[in-house]
Every structure is written in structure tokens, then in C-alpha cells.
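Shown below: data_21.pdb, with PDB, C-alpha atoms.
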```pdb
MODEL        1
ATOM      1  CA  MET U 159       0.000   0.000   0.000
ATOM      2  CA  ILE U 160       2.739   2.460   0.988
ATOM      3  CA  LYS U 161       6.199   1.214   0.056
ATOM      4  CA  ASP U 162       8.270   4.087   1.429
ATOM      5  CA  VAL U 163       9.236   3.026   4.956
ATOM      6  CA  GLU U 164       9.704   6.521   6.384
ATOM      7  CA  THR U 165       6.439   7.853   4.961
ATOM      8  CA  ARG U 166       4.533   4.810   6.161
ATOM      9  CA  SER U 167       6.064   5.065   9.639
ATOM     10  CA  LYS U 168       5.286   8.777  10.034
ATOM     11  CA  ILE U 169       1.655   8.319   9.020
ATOM     12  CA  ALA U 170       1.234   5.289  11.284
ATOM     13  CA  GLN U 171       2.820   7.077  14.241
ATOM     14  CA  ALA U 172       0.523  10.083  13.844
ATOM     15  CA  LEU U 173      -2.567   7.873  13.818
ATOM     16  CA  GLY U 174      -1.280   5.774  16.704
ATOM     17  CA  HIS U 175      -0.396   8.756  18.897
ATOM     18  CA  ALA U 176      -3.883  10.236  18.454
ATOM     19  CA  LEU U 177      -5.550   7.033  19.642
ATOM     20  CA  ASP U 178      -3.098   6.428  22.489
ATOM     21  CA  ASP U 179      -3.774   9.980  23.695
ATOM     22  CA  LEU U 180      -7.516   9.314  23.627
ATOM     23  CA  VAL U 181      -7.235   6.098  25.625
ATOM     24  CA  ARG U 182      -4.865   7.596  28.189
ATOM     25  CA  ASP U 183      -7.267  10.473  28.721
ATOM     26  CA  ARG U 184     -10.414   8.352  28.960
ATOM     27  CA  PHE U 185      -8.733   5.748  31.156
ATOM     28  CA  LYS U 186      -8.424   8.333  33.941
ATOM     29  CA  GLY U 187     -12.192   8.252  34.390
ATOM     30  CA  LEU U 188     -14.535   5.443  35.296
ATOM     31  CA  VAL U 189     -15.391   4.548  31.719
ATOM     32  CA  GLU U 190     -16.121   1.216  30.118
ATOM     33  CA  GLU U 191     -14.691  -0.148  26.890
ATOM     34  CA  PRO U 192     -17.714   0.786  24.705
ATOM     35  CA  ASP U 193     -17.332   4.456  25.614
ATOM     36  CA  ILE U 194     -13.699   4.494  24.553
ATOM     37  CA  THR U 195     -14.293   2.502  21.368
ATOM     38  CA  SER U 196     -17.182   4.716  20.263
ATOM     39  CA  ARG U 197     -14.838   7.725  20.331
ATOM     40  CA  ILE U 198     -12.090   6.183  18.181
ATOM     41  CA  GLY U 199     -13.540   7.190  14.840
ATOM     42  CA  GLN U 200     -14.455  10.674  15.999
ATOM     43  CA  ARG U 201     -10.929  11.271  17.278
ATOM     44  CA  LEU U 202      -9.452  10.309  13.901
ATOM     45  CA  GLU U 203     -12.034  12.395  12.058
ATOM     46  CA  ASP U 204     -11.407  15.453  14.248
ATOM     47  CA  ARG U 205      -7.629  15.205  14.057
ATOM     48  CA  PHE U 206      -7.049  14.142  10.470
ATOM     49  CA  ASN U 207      -9.995  14.547   8.113
ATOM     50  CA  GLY U 208      -8.927  16.924   5.329
ATOM     51  CA  THR U 209      -5.327  17.166   6.518
ATOM     52  CA  VAL U 210      -2.154  16.088   4.691
ATOM     53  CA  LEU U 211       0.278  13.576   6.155
ATOM     54  CA  ARG U 212       3.514  13.048   4.227
ATOM     55  CA  ASP U 213       1.963  13.930   0.848
ATOM     56  CA  TYR U 214      -1.175  11.878   1.493
ATOM     57  CA  ARG U 215      -4.492  13.668   1.920
ATOM     58  CA  VAL U 216      -6.505  12.035   4.692
ATOM     59  CA  SER U 217     -10.251  11.390   4.622
ATOM     60  CA  VAL U 218     -12.193   9.863   7.503
ATOM     61  CA  ILE U 219     -15.835   8.846   7.773
ATOM     62  CA  THR U 220     -17.337   7.044  10.746
ATOM     63  CA  GLU U 221     -20.514   5.140  11.494
ATOM     64  CA  THR U 222     -22.081   3.684  14.631
ATOM     65  CA  ILE U 223     -24.909   1.196  14.590
ATOM     66  CA  THR U 224     -26.959   0.098  17.582
ATOM     67  CA  SER U 225     -28.905  -2.831  16.145
ATOM     68  CA  HIS U 226     -28.444  -5.469  13.480
ATOM     69  CA  GLY U 227     -30.690  -7.547  11.311
ATOM     70  CA  SER U 228     -31.202 -11.287  11.629
ATOM     71  CA  ASN U 229     -28.580 -11.959   8.946
ATOM     72  CA  SER U 230     -25.739 -10.265  10.813
ATOM     73  CA  LEU U 231     -22.886 -11.975  12.633
ATOM     74  CA  GLU U 232     -23.515  -9.986  15.822
ATOM     75  CA  LYS U 233     -24.209 -13.006  18.006
ATOM     76  CA  PRO U 234     -21.387 -15.281  16.825
ATOM     77  CA  MET U 235     -18.761 -12.544  16.616
ATOM     78  CA  GLY U 236     -19.756  -9.193  18.101
ATOM     79  CA  THR U 237     -16.915  -7.120  16.693
ATOM     80  CA  ASP U 238     -16.477  -3.842  18.554
ATOM     81  CA  LEU U 239     -14.846  -1.897  15.733
ATOM     82  CA  TYR U 240     -14.403  -2.297  11.989
ATOM     83  CA  PHE U 241     -11.733  -0.461  10.022
ATOM     84  CA  ALA U 242     -11.572  -0.065   6.250
ATOM     85  CA  ILE U 243      -8.253   1.501   5.288
ATOM     86  CA  SER U 244      -7.743   2.638   1.692
ATOM     87  CA  VAL U 245      -4.585   3.958   0.028
ATOM     88  CA  GLU U 246      -4.762   5.551  -3.422
ATOM     89  CA  ASP U 247      -1.640   6.237  -5.490
ATOM     90  CA  LYS U 248      -1.003   9.090  -7.922
ATOM     91  CA  LEU U 249      -2.571   7.118 -10.749
ATOM     92  CA  GLY U 250      -5.807   6.638  -8.833
ATOM     93  CA  HIS U 251      -5.245   2.956  -8.086
ATOM     94  CA  ALA U 252      -6.540   2.112  -4.616
ATOM     95  CA  THR U 253      -5.806  -0.777  -2.268
ATOM     96  CA  THR U 254      -8.200  -1.341   0.624
ATOM     97  CA  LYS U 255      -7.855  -3.558   3.678
ATOM     98  CA  GLY U 256     -10.440  -4.499   6.282
ATOM     99  CA  LEU U 257      -9.659  -4.954   9.956
ATOM    100  CA  LEU U 258     -11.847  -6.373  12.731
ATOM    101  CA  VAL U 259     -11.133  -5.196  16.283
ATOM    102  CA  GLN U 260     -12.221  -6.709  19.575
ATOM    103  CA  ALA U 261     -11.555  -4.172  22.343
ATOM    104  CA  LYS U 262     -11.051  -4.808  26.067
ATOM    105  CA  ARG U 263      -9.950  -2.885  29.143
ATOM    106  CA  LYS U 264      -6.771  -4.434  30.533
ATOM    107  CA  ASP U 265      -8.006  -4.273  34.109
ATOM    108  CA  LYS U 266     -11.223  -6.137  33.215
ATOM    109  CA  LEU U 267      -9.846  -8.676  30.785
ATOM    110  CA  ASN U 268     -11.164 -12.242  30.908
ATOM    111  CA  TRP U 269      -8.688 -14.201  28.802
ATOM    112  CA  ASN U 270     -10.922 -17.263  28.398
ATOM    113  CA  ASP U 271     -13.805 -15.172  27.050
ATOM    114  CA  LEU U 272     -11.442 -13.287  24.765
ATOM    115  CA  THR U 273     -10.039 -16.542  23.389
ATOM    116  CA  GLU U 274     -13.540 -17.644  22.409
ATOM    117  CA  GLN U 275     -14.324 -14.279  20.807
ATOM    118  CA  CYS U 276     -11.106 -14.467  18.814
ATOM    119  CA  ARG U 277     -11.940 -17.975  17.651
ATOM    120  CA  ARG U 278     -15.164 -16.600  16.202
ATOM    121  CA  MET U 279     -13.421 -13.645  14.560
ATOM    122  CA  ASN U 280     -10.858 -15.985  13.037
ATOM    123  CA  MET U 281     -13.684 -17.839  11.300
ATOM    124  CA  VAL U 282     -14.310 -14.624   9.366
ATOM    125  CA  THR U 283     -10.705 -13.541   8.820
ATOM    126  CA  LYS U 284      -7.442 -14.506  10.485
ATOM    127  CA  LYS U 285      -5.314 -11.947   8.681
ATOM    128  CA  GLY U 286      -7.662  -9.103   9.510
ATOM    129  CA  SER U 287      -8.583  -9.734  13.165
ATOM    130  CA  VAL U 288      -6.891  -8.135  16.161
ATOM    131  CA  VAL U 289      -7.511  -7.318  19.811
ATOM    132  CA  TRP U 290      -7.041  -3.848  21.254
ATOM    133  CA  ILE U 291      -6.287  -3.814  24.957
ATOM    134  CA  TYR U 292      -6.946  -0.433  26.542
ATOM    135  CA  ALA U 293      -4.507   0.404  29.327
ATOM    136  CA  ALA U 294      -3.385   3.466  31.248
ATOM    137  CA  ASN U 295      -0.490   3.975  28.819
ATOM    138  CA  GLY U 296      -2.529   3.575  25.613
ATOM    139  CA  ILE U 297      -3.432   0.657  23.340
ATOM    140  CA  ASP U 298      -1.696  -2.715  23.181
ATOM    141  CA  VAL U 299      -2.480  -4.823  20.110
ATOM    142  CA  VAL U 300      -2.512  -8.615  19.885
ATOM    143  CA  ARG U 301      -3.324 -10.552  16.727
ATOM    144  CA  SER U 302      -6.375 -12.732  17.284
ATOM    145  CA  VAL U 303      -4.464 -15.841  16.185
ATOM    146  CA  ASP U 304      -1.894 -15.195  18.937
ATOM    147  CA  VAL U 305      -4.365 -14.807  21.803
ATOM    148  CA  PRO U 306      -4.433 -18.512  22.780
ATOM    149  CA  LYS U 307      -0.613 -18.599  23.005
ATOM    150  CA  PRO U 308       1.175 -18.211  26.363
ATOM    151  CA  ASN U 309       2.566 -14.682  26.733
ATOM    152  CA  SER U 310       0.829 -13.526  23.550
ATOM    153  CA  PRO U 311       3.113 -11.076  21.711
ATOM    154  CA  SER U 312       1.781  -7.526  21.610
ATOM    155  CA  PHE U 313       2.695  -4.302  19.821
ATOM    156  CA  GLY U 314       1.540  -0.696  19.762
ATOM    157  CA  VAL U 315      -1.353   0.683  17.749
ATOM    158  CA  GLY U 316       1.063   2.792  15.694
ATOM    159  CA  LYS U 317       2.845  -0.409  14.679
ATOM    160  CA  LEU U 318      -0.519  -1.903  13.766
ATOM    161  CA  PHE U 319      -1.208   0.879  11.266
ATOM    162  CA  ASP U 320       2.322   0.502   9.919
ATOM    163  CA  ARG U 321       1.792  -3.201   9.322
ATOM    164  CA  VAL U 322      -1.569  -2.609   7.621
ATOM    165  CA  LEU U 323      -0.067   0.083   5.370
ATOM    166  CA  ALA U 324       2.764  -2.338   4.573
ATOM    167  CA  CYS U 325       0.171  -4.970   3.550
ATOM    168  CA  GLU U 326       1.242  -7.334   6.332
ATOM    169  CA  LEU U 327      -2.122  -7.223   8.109
ATOM    170  CA  GLY U 328      -5.697  -6.678   6.998
ATOM    171  CA  ASP U 329      -8.010  -8.563   4.677
ATOM    172  CA  ARG U 330      -8.695  -7.337   1.140
ATOM    173  CA  ARG U 331     -11.886  -9.391   1.048
ATOM    174  CA  LYS U 332     -13.515  -7.577   3.978
ATOM    175  CA  VAL U 333     -13.983  -4.134   2.469
ATOM    176  CA  PRO U 334     -17.033  -2.050   1.487
ATOM    177  CA  ASN U 335     -18.107  -1.761  -2.126
ATOM    178  CA  GLY U 336     -18.463   1.554  -3.881
ATOM    179  CA  GLN U 337     -16.587   4.833  -3.625
ATOM    180  CA  PHE U 338     -14.848   5.980  -0.465
ATOM    181  CA  GLY U 339     -17.574   8.374   0.673
ATOM    182  CA  ASP U 340     -20.441   5.911   0.231
ATOM    183  CA  ARG U 341     -21.833   5.656   3.768
ATOM    184  CA  GLY U 342     -24.531   3.252   2.639
ATOM    185  CA  GLU U 343     -21.946   0.662   1.634
ATOM    186  CA  LEU U 344     -20.083   1.155   4.904
ATOM    187  CA  LYS U 345     -23.300   0.603   6.847
ATOM    188  CA  GLU U 346     -24.031  -2.559   4.896
ATOM    189  CA  MET U 347     -20.551  -3.847   5.694
ATOM    190  CA  ILE U 348     -20.823  -3.316   9.435
ATOM    191  CA  LYS U 349     -24.313  -4.790   9.488
ATOM    192  CA  ALA U 350     -23.015  -7.927   7.785
ATOM    193  CA  LEU U 351     -20.106  -8.178  10.227
ATOM    194  CA  GLY U 352     -22.177  -7.376  13.293
ATOM    195  CA  ALA U 353     -19.841  -4.514  14.195
ATOM    196  CA  LYS U 354     -20.870  -1.718  16.534
ATOM    197  CA  ASN U 355     -18.587   1.041  15.202
ATOM    198  CA  ALA U 356     -16.856   1.613  11.887
ATOM    199  CA  VAL U 357     -14.114   3.867  10.560
ATOM    200  CA  ARG U 358     -13.245   4.294   6.912
ATOM    201  CA  LEU U 359      -9.800   5.861   6.610
ATOM    202  CA  GLY U 360      -8.568   7.012   3.224
ATOM    203  CA  LEU U 361      -5.089   8.137   2.184
ATOM    204  CA  LYS U 362      -4.828   9.706  -1.264
ATOM    205  CA  ARG U 363      -1.431  10.533  -2.745
ATOM    206  CA  LYS U 364      -1.236  14.160  -3.836
TER
ENDMDL
END
```
How would this structure read if it were set down as C-alpha cells?
Amino acid sequence: MIKDVETRSKIAQALGHALDDLVRDRFKGLVEEPDITSRIGQRLEDRFNGTVLRDYRVSVITETITSHGSNSLEKPMGTDLYFAISVEDKLGHATTKGLLVQAKRKDKLNWNDLTEQCRRMNMVTKKGSVVWIYAANGIDVVRSVDVPKPNSPSFGVGKLFDRVLACELGDRRKVPNGQFGDRGELKEMIKALGAKNAVRLGLKRK
């Protein structure tokens, strides 16, 4: 998606810092995971929509849905957050990846329950499923396939974005149809996945 290592790193760090700041701030209060997760998209939209990061113009749209139809995967999976990340080059060619996020507070984490939730997410996509663990210092990320392992390896949310932009993580099959700004397609995607919140992040090369 973005081959230049320095450019990719700078963009990923900016996105990661914004979300770590949000979690650190919200973690000071008596808030539950849904409150934090519901603010993720708005934080990215407020900070980055319409701005330029390293020659890429950023676009962000967000959606939240409170109920799902009978055909959704809400019961078997219950994804907290869905990301669609799109990168368009100078020629107008776009690559889009989908990412499913299960979010938990570190101080209220039940590892057995999380393992079962990850098993269900992995049935949909192994390459595009991760866990975000909210802690006082920000967000720790664990790939869903690593959750059952002892001492599951974790990394920061900035590194997550870097790996998605490097095409190491994310699923090209789990993306909305239509143009970037089509909210209807984004809503259809999160309904199908049973997600509660969605962010569509676009990076367009100037």
C-alpha cells in the first residue's frame, strides 16, 4: 500500500499517537470499553480529516450502529470496531484492507472469554482480526491468532497501522463496495459483520 518506509512510519505514528492519547485520557475516568471505542472514529475524524500527512491527503468517515438484522454476525462474533483503510496512489489505483477489532480494558480482561471471541473472529478472517487492549499507557495490540498462546506477543497501535499500510495485516476481502464516501456501503458492511462502530480511513497521494 505504501512502500516508502519513512512515509509509512510517520503516518502510522501520527494515527497511533492520536488514539493512544484518547485512551490515556479516557482511562483516567470510570469509563467502560464501549465508551472508549465509540470515540475512536471521531478522534481520527477530528484530528485528520482533510489534513495532509507526508503527501497523502486524509479522509475519515465514521458510522455507529446500535442494532443489526437477523442476517448479521452480531451473536457469533460481536466485533467492537471495523476499520476499512484505503490507500490511493497518484494514478488513482486504490488498495483497501479491512480490519476487525475486539476491544477490552486491561483491568477487566477475561482471557478465556477473549479466546472464544477471537476464535469466532478468526472464522471470518485470520489476517484481519486483532484485539485492542486499553490500558493506562494507551493501546496494546494482539493478533487474534496469537491470543491462545502463552505470553501472547503484543505491539503498539502505531505499529498496527504501519503493518496494515505495509500490507502485512488486513483482509482485502472484507472491504465495502463503492466509492470511499459511500456511507450506505459502509453501513451494509458493518451490518453484515455485526460490528458496533466503523471507521473508513482514506489516504490519497497528492
Just say which residues the PyMOL selection byres ((chain U and resi 223) around 12) picks in this file, as a PyMOL selection string.
chain U and resi 196+220-222+224-227+232+237-240+344-357
Taking the file as shown, find all residues satisfying the PyMOL selection byres ((chain U and resi 332) around 10) and write them as a compact mmCIF listing (two decimals) with C-alpha atoms, in the frame of the given file.
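Full text of expr-v3.txt as output:
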```
# COMPACT_ATOMS: atom_id res chain seq x y z
CA TYR U 240 -14.40 -2.30 11.99
CA PHE U 241 -11.73 -0.46 10.02
CA ALA U 242 -11.57 -0.06 6.25
CA THR U 254 -8.20 -1.34 0.62
CA LYS U 255 -7.86 -3.56 3.68
CA GLY U 256 -10.44 -4.50 6.28
CA LEU U 257 -9.66 -4.95 9.96
CA LEU U 258 -11.85 -6.37 12.73
CA VAL U 282 -14.31 -14.62 9.37
CA THR U 283 -10.70 -13.54 8.82
CA GLY U 286 -7.66 -9.10 9.51
CA GLY U 328 -5.70 -6.68 7.00
CA ASP U 329 -8.01 -8.56 4.68
CA ARG U 330 -8.70 -7.34 1.14
CA ARG U 331 -11.89 -9.39 1.05
CA VAL U 333 -13.98 -4.13 2.47
CA PRO U 334 -17.03 -2.05 1.49
CA ASN U 335 -18.11 -1.76 -2.13
CA MET U 347 -20.55 -3.85 5.69
CA LEU U 351 -20.11 -8.18 10.23
```
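Applied to the file shown here, the PyMOL selection byres ((chain U and resi 203) around 12) selects Leu173, Ala176, Leu177, Arg197, Ile198, Gly199, Gln200, Arg201, Leu202, Asp204, Arg205, Phe206, Asn207, Gly208, Thr209, Val216, Ser217, Val218, Ile219, Thr220, Glu221, Ala356, Val357, Arg358, Leu359 and Gly360 of chain U.
Coordinates place CA of Thr253 in chain U at a distance of 15.3 Å from CA of Asp162 in chain U.
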Give the answer as one residue: which of U:Ala170, U:Lys362, U:Gly250, U:Asp179 has the shortest atom-to-atom distance to Gly296 in chain U, using only C-alpha atoms?
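Looking at the shortest contact to Gly296 in chain U, the residue is U:Asp179.
Closest to Arg277 in chain U among U:Asp304, U:Asp265, U:Asp298, U:Glu191 is U:Asp304, based on all atoms listed in the file.
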Could you tell me how far CA of Gly174 in chain U lies from CA of Lys285 in chain U, in Å and to one decimal?
19.9 Å
Just to confirm, what's the straight-line distance from CA of Arg363 in chain U to CA of Lys161 in chain U in Å (one decimal)?
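If I compute the distance from CA of Arg363 in chain U to CA of Lys161 in chain U, I get 12.4 Å.
Excluding Arg212 in chain U itself and any same-chain residue fewer than 4 positions from it, the protein and nucleic acid residues within 9 Å of it, counting all atoms listed in the file, are U:Thr165, U:Arg166, U:Lys168, U:Ile169, U:Arg363.
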Could you save those same residues with C-alpha atoms as a JSON list (two decimals), in the coordinates of the input?
```json
[["chain", "number", "residue", "atom", "x", "y", "z"],
["U", 165, "THR", "CA", 6.44, 7.85, 4.96],
["U", 166, "ARG", "CA", 4.53, 4.81, 6.16],
["U", 168, "LYS", "CA", 5.29, 8.78, 10.03],
["U", 169, "ILE", "CA", 1.66, 8.32, 9.02],
["U", 363, "ARG", "CA", -1.43, 10.53, -2.74]]
```
Of the candidates U:Trp269, U:Lys186, U:Ile194, U:Leu180, which shows the shortest atom-to-atom distance to Asn309 in chain U, using only C-alpha atoms?
U:Trp269
Excluding Val288 in chain U and any residue of its chain fewer than 3 positions from it, enumerate the residues within 9 Å of it, using all atoms listed in the file, and give them as a PyMOL selection string.
chain U and resi 257-261+276+279+284-285+299-303
Using all atoms listed in the file: which of U:Ser244, U:Val305, U:Arg215, U:Ser287 has the shortest distance to Asn268 in chain U
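The closest residue to Asn268 in chain U is U:Val305.
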Closest of U:Gln337, U:Thr195, U:Pro306, U:His251 to Asn280 in chain U - atom-to-atom distances counting all atoms listed in the file
U:Pro306
Residues at most 8 Å from Ile297 in chain U, counting all atoms listed in the file, excluding those fewer than 3 positions away in the same chain, as a list in words?
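Listing them by chain and then by number gives Leu177, Asp178, Val181, Trp290, Ile291, Tyr292, Ala293, Gly314 and Val315 of chain U.
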Which one of U:Asn295, U:Asn270, U:Gln275, U:Ser167 sits closest to Asp183 in chain U if you count all atoms listed in the file?
U:Asn295
Contacts of Leu323 in chain U at 7 Å or less, counting only C-alpha atoms, minus same-chain residues fewer than 3 places along, as a list in words?
Met159, Ile160, Arg166, Phe319 and Asp320 of chain U
Write to file, as a tab-separated table (two decimals), keeping the file's coordinate frame, the residues of the selection just made, with C-alpha atoms.
```
chain	number	residue	atom	x	y	z
U	159	MET	CA	0.00	0.00	0.00
U	160	ILE	CA	2.74	2.46	0.99
U	166	ARG	CA	4.53	4.81	6.16
U	319	PHE	CA	-1.21	0.88	11.27
U	320	ASP	CA	2.32	0.50	9.92
```
